[in-house]
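Engineer: Got a structure here, written out as structure tokens. Questions coming.
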Amino acid sequence: MNGILLNLLNGSLLNGFQLNGTLLNGTLLNDTLLNGKSLLGRMISYFDEINWDLMFKATRETLYMMGVSLLFTIILGLALGIILFLTGPGQMLQNKISYFVLSLVVNMLRSVPFVILMILIMPLTKMLIGTSIGVQGAIPPLVVAAVPFFARLVEAALREVDRGVQEAAQAMGATKWQIVWHVLLREARTGLIAAVTITAITLVSYTAMSGIIGGGGLGDLAQRLGYQRFRTDVMIVTVAFLLVLVQVLQMAGDALVKHFSRK
Amino acid sequence: MFVLIELIGIDKEYRAKDRIVTALQHINLTVEKGEIFGVIGRSGAGKSTLLRCVNLLERPTNGKVLVGGQDLTSLKEGELQKERKRIGMIFQHFNLLSTATVEQNIAFPLKLSKLPKKEIAAKVASLLELVGLSQHRKQYPSQLSGGQKQRVGIARALASDPDILLCDEATSALDPQTTESILELLKDINTKLGITILLITHEMGVIRAICDRVAVMDQGEIVEVGDVLDVFLKPQHEVSRQFVSEVADSIDSSAFYNGAGSGGRILRIIFRGEQTYEPVLYETVKETGATFAILQGTVSRMKDTPYGQLVVELRGSDADVDAVVGGLCSRGLEVSVLR
């Protein structure tokens, strides 16, 4: 009865929050009614229990895992993507065998779910950086998962480059390396920036799974604290953080594409 | 004359899935230094493949490509890349870097050659001047019209001071006015800079406007080669005749073989050069008792050479008519009796 009365008094905005509150925490409704705080006050106090240091630490970990693995992914994936493109049918270094083998490896890596991949390559991870757990241990599997993904995006972006421009450069006496560097990468730059953006966002979502090997980060926090220990407040905040992070990445990527676009 | 480009026994075959497609067969062609040489043919005739064989963008299956006496087919990749800098090329769809300004596009071949920045800047400025795009140097290709893009293409092709300019349907994507201005520019480049031009086209108008010599291609073979005026006035091959008839002022003399006129002798007279503007016909006929009626005629220009064609009917005694024909021939006109 009290709930209905309050609805009538405070209107629909409050109504929305109460319903949410009810869904999130059955006791919330009664608590807030008893101590009679304002709407905003109650919204804020819902998150009182959150350990913000933990939240920011997790954010830093996510950014660190994404940043470092993105860096390696760009370096390795760009190289792999260029080789895939050049050895592909009808291209400068056309080579059926190389293309087939590379393509197969890329497809195999891409078909393994990240969770499985992380466990599968643990020995490699340990060999590379001395540990197969924690934030450090998450980076090699992230790179291994993202490189083939990014390489395919690079290959597709390079295929978009006008063939005639390559031919013109060839006619000018450009070397193959000059064509790759001064024509292909230059002309494909907006496609490549878009590919980096997509890869960065994919990496953010991959980092969420790194909790399995104690990787940390926002996704891990949402799962262990938010889900397994019923801290819905933590869940909401981590998801909000992830949302903002993805949004910022996408907007930054789009802004760069726009800045470099000459179409 | 000094032969600059020589194609000897060129064949080009492509392997399709289950058969071999022949794009070029037994091509022999020489282009002399300083001339504008045109290759005309329908789409699929192999002219584009032929042009790409000159700088080995397409490697011929058989045959030799000599440029300035050097056999390009025998060169290693590095040497070939060096030789290619002496052969400029422009394209139907311009093929400019979309991410580079006009200035950067023209500087591109110079950057590839690793020239000092100062030299590049000076060279680019003079090329911009040459093609009349100094105002647009900071713009990107997407901001330019087709004609302006082709001017950038031309400036870029000239940047490395080539001896030869290859034009791959350079005006086919342009409207008639723009085509005319681009052809004018090409002619200027040929006369002022002494650059030999080899162009391919499917438009007889282009050949007529700027070419000295022409080769007609059909199904991968060259079916006719000669001075443009000769091919234009007396095409030997069926395909050549079709191309010539596409140009508005050509004469269809076949109409006079049967029936036209009033029983006199019908002649086709060809004038070349300055003679075109002289009263040759009148003076010759006046000396005899014959008269004439003009049935069809045209006076025009082929590149810079004036020419005229007249179909006339001579009336009078056989002796008088014979005297007129003899007189015209002795003054250097080409006369053929149609009936």
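Identifiers in the structure tokens: chain A, B, ... in order shown; residue index from 1 per chain; ligand index from 1 in order shown.
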Would you mind listing, for every residue of chain A within 10 Å of chain B, the two atoms forming the shortest contact and the distance between them in Å to one decimal, using only C-alpha atoms, sorted by chain and ascending residue number, as CSV?
Structural biologist:
residue,atom,partner,partner_atom,distance
A:Val161,CA,B:Leu97,CA,9.8
A:Asp162,CA,B:Asn95,CA,7.8
A:Arg163,CA,B:Asn95,CA,8.4
A:Gly164,CA,B:Asn95,CA,5.2
A:Val165,CA,B:Asn95,CA,4.6
A:Gln166,CA,B:Asn95,CA,8.2
A:Glu167,CA,B:Leu57,CA,7.6
A:Ala168,CA,B:Asn95,CA,6.4
A:Ala169,CA,B:Pro109,CA,7.8
A:Gln170,CA,B:Leu57,CA,7.5
A:Ala171,CA,B:Arg84,CA,6.1
A:Met172,CA,B:Lys85,CA,5.4
A:Gly173,CA,B:Gln81,CA,4.1
A:Ala174,CA,B:Leu112,CA,6.4
A:Thr175,CA,B:Gln81,CA,7.1
A:Gln178,CA,B:Leu112,CA,7.3
A:Ile179,CA,B:Leu112,CA,9.5
A:His182,CA,B:Leu112,CA,8.7
A:Val183,CA,B:Leu97,CA,7.4
A:Leu184,CA,B:Leu97,CA,9.9
A:Arg186,CA,B:Thr99,CA,7.1
A:Glu187,CA,B:Thr99,CA,6.0
A:Ala188,CA,B:Thr99,CA,9.0
A:Arg189,CA,B:Thr99,CA,8.8
A:Thr190,CA,B:Thr99,CA,9.8
A:Phe260,CA,B:Thr99,CA,7.9
A:Ser261,CA,B:Thr99,CA,7.5
A:Arg262,CA,B:Thr99,CA,5.7
A:Lys263,CA,B:Ser142,CA,6.0
Engineer: For Phe47 of chain A, please output as a PyMOL selection string all residues within 9 Å (counting only C-alpha atoms; exclusion window: fewer than 6 positions along the same chain).
Structural biologist: chain A and resi 233-234+237
Engineer: Selection from above, N, CA and C atoms, as a tab-separated table (two decimals), in the first residue's frame, can you write it?
Structural biologist:
chain	number	residue	atom	x	y	z
A	233	ASP	N	25.26	-3.62	-7.15
A	233	ASP	CA	25.77	-2.24	-7.30
A	233	ASP	C	27.11	-2.24	-8.04
A	234	VAL	N	27.97	-3.19	-7.67
A	234	VAL	CA	29.28	-3.29	-8.33
A	234	VAL	C	29.09	-3.65	-9.80
A	237	VAL	N	28.06	-0.60	-11.80
A	237	VAL	CA	29.13	0.37	-12.02
A	237	VAL	C	30.17	-0.16	-13.02
Engineer: Measuring atom to atom with only C-alpha atoms, identify which of A:Leu185, A:Val147, A:Leu242, A:Met235 is nearest to Ser69 of chain A.
Structural biologist: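 Using only C-alpha atoms, Ser69 of chain A sits closest to A:Val147.
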Engineer: Excluding segment 197-209 of chain B and its own-chain neighbours fewer than 2 positions away, which residues fall within 6 Å of it when counting only C-alpha atoms? Please give them as number ranges by chain.
Structural biologist: B: 36-42, 164-169, 211, 302-303
Engineer: Might you pull out every residue within 8 Å of segment 247-250 of chain A, with only C-alpha atoms counted and same-chain residues fewer than 6 positions away left off, and present them as a ChimeraX atom specification?
Structural biologist: /A:197-198,200-201
Engineer: Pick out the residues sitting within 6 Å of segment 283-298 of chain B, and hand them over as a list in words; count only C-alpha atoms, and ignore anything fewer than 6 positions along from it in its own chain.
Structural biologist: Gly308, Gln309, Leu310, Val311, Val312, Glu313, Leu314, Arg315, Gly316, Asp320 and Val324 of chain B
Engineer: Would you export the selected residues with N, CA and C atoms as an mmCIF file, in the first residue's frame, please?
Structural biologist:
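In the end it all went to selection00.cif:
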data_model
loop_
_atom_site.group_PDB
_atom_site.id
_atom_site.type_symbol
_atom_site.label_atom_id
_atom_site.label_comp_id
_atom_site.auth_asym_id
_atom_site.auth_seq_id
_atom_site.Cartn_x
_atom_site.Cartn_y
_atom_site.Cartn_z
ATOM 1 N N GLY B 308 41.433 18.166 -97.806
ATOM 2 C CA GLY B 308 40.089 18.284 -98.338
ATOM 3 C C GLY B 308 39.748 17.064 -99.178
ATOM 4 N N GLN B 309 38.497 16.787 -99.224
ATOM 5 C CA GLN B 309 38.034 15.707 -100.093
ATOM 6 C C GLN B 309 36.849 16.254 -100.859
ATOM 7 N N LEU B 310 36.841 16.014 -102.173
ATOM 8 C CA LEU B 310 35.693 16.432 -102.966
ATOM 9 C C LEU B 310 35.247 15.273 -103.829
ATOM 10 N N VAL B 311 33.951 15.125 -103.949
ATOM 11 C CA VAL B 311 33.422 14.212 -104.955
ATOM 12 C C VAL B 311 32.760 15.108 -106.004
ATOM 13 N N VAL B 312 33.282 15.106 -107.236
ATOM 14 C CA VAL B 312 32.739 15.997 -108.275
ATOM 15 C C VAL B 312 32.321 15.177 -109.483
ATOM 16 N N GLU B 313 31.390 15.720 -110.198
ATOM 17 C CA GLU B 313 30.996 15.106 -111.453
ATOM 18 C C GLU B 313 31.460 16.021 -112.569
ATOM 19 N N LEU B 314 32.286 15.469 -113.469
ATOM 20 C CA LEU B 314 32.788 16.255 -114.593
ATOM 21 C C LEU B 314 31.887 16.026 -115.793
ATOM 22 N N ARG B 315 31.530 17.101 -116.442
ATOM 23 C CA ARG B 315 30.689 16.976 -117.627
ATOM 24 C C ARG B 315 31.446 17.597 -118.796
ATOM 25 N N GLY B 316 31.382 16.944 -119.911
ATOM 26 C CA GLY B 316 32.085 17.448 -121.090
ATOM 27 C C GLY B 316 32.540 16.277 -121.930
ATOM 28 N N ASP B 320 38.180 16.300 -122.909
ATOM 29 C CA ASP B 320 38.256 17.364 -121.900
ATOM 30 C C ASP B 320 38.361 16.765 -120.494
ATOM 31 N N VAL B 324 41.311 17.112 -117.689
ATOM 32 C CA VAL B 324 41.133 17.596 -116.311
ATOM 33 C C VAL B 324 41.781 16.607 -115.330
#
Engineer: Using the chain letters and numbers from this document, which residues of segment 190-303 of chain B does DSSP assign to helix (DSSP H, G or I), as a PyMOL selection string?
Structural biologist: chain B and resi 190-193+204-210+228-233+238-246+253-256+273-277+280-286
Engineer: Compare A:Ile133, A:Val115, A:Ala79, A:Ala151 by their minimum atom-to-atom distance to Trp181 of chain A, counting only C-alpha atoms, and give me the closest one.
Structural biologist: A:Ala79
Engineer: As a list of chain:residue names, please: the residues near Ile195 of chain B (cut-off 9 Å, only C-alpha atoms, same-chain neighbours under 5 positions excluded).
Structural biologist: B:Lys33, B:Gly34, B:Glu35, B:Ile36, B:Asp161, B:Pro162, B:Asp163, B:Ile164, B:Leu165, B:Ile189, B:Asn190
Engineer: When DSSP is applied to the backbone of this structure, which of segment 143-327 of chain B are assigned strand (DSSP E or B)? Write them out as a PyMOL selection string.
Structural biologist: chain B and resi 164-168+196-201+213-218+221-227+265-272+291-302+305-315
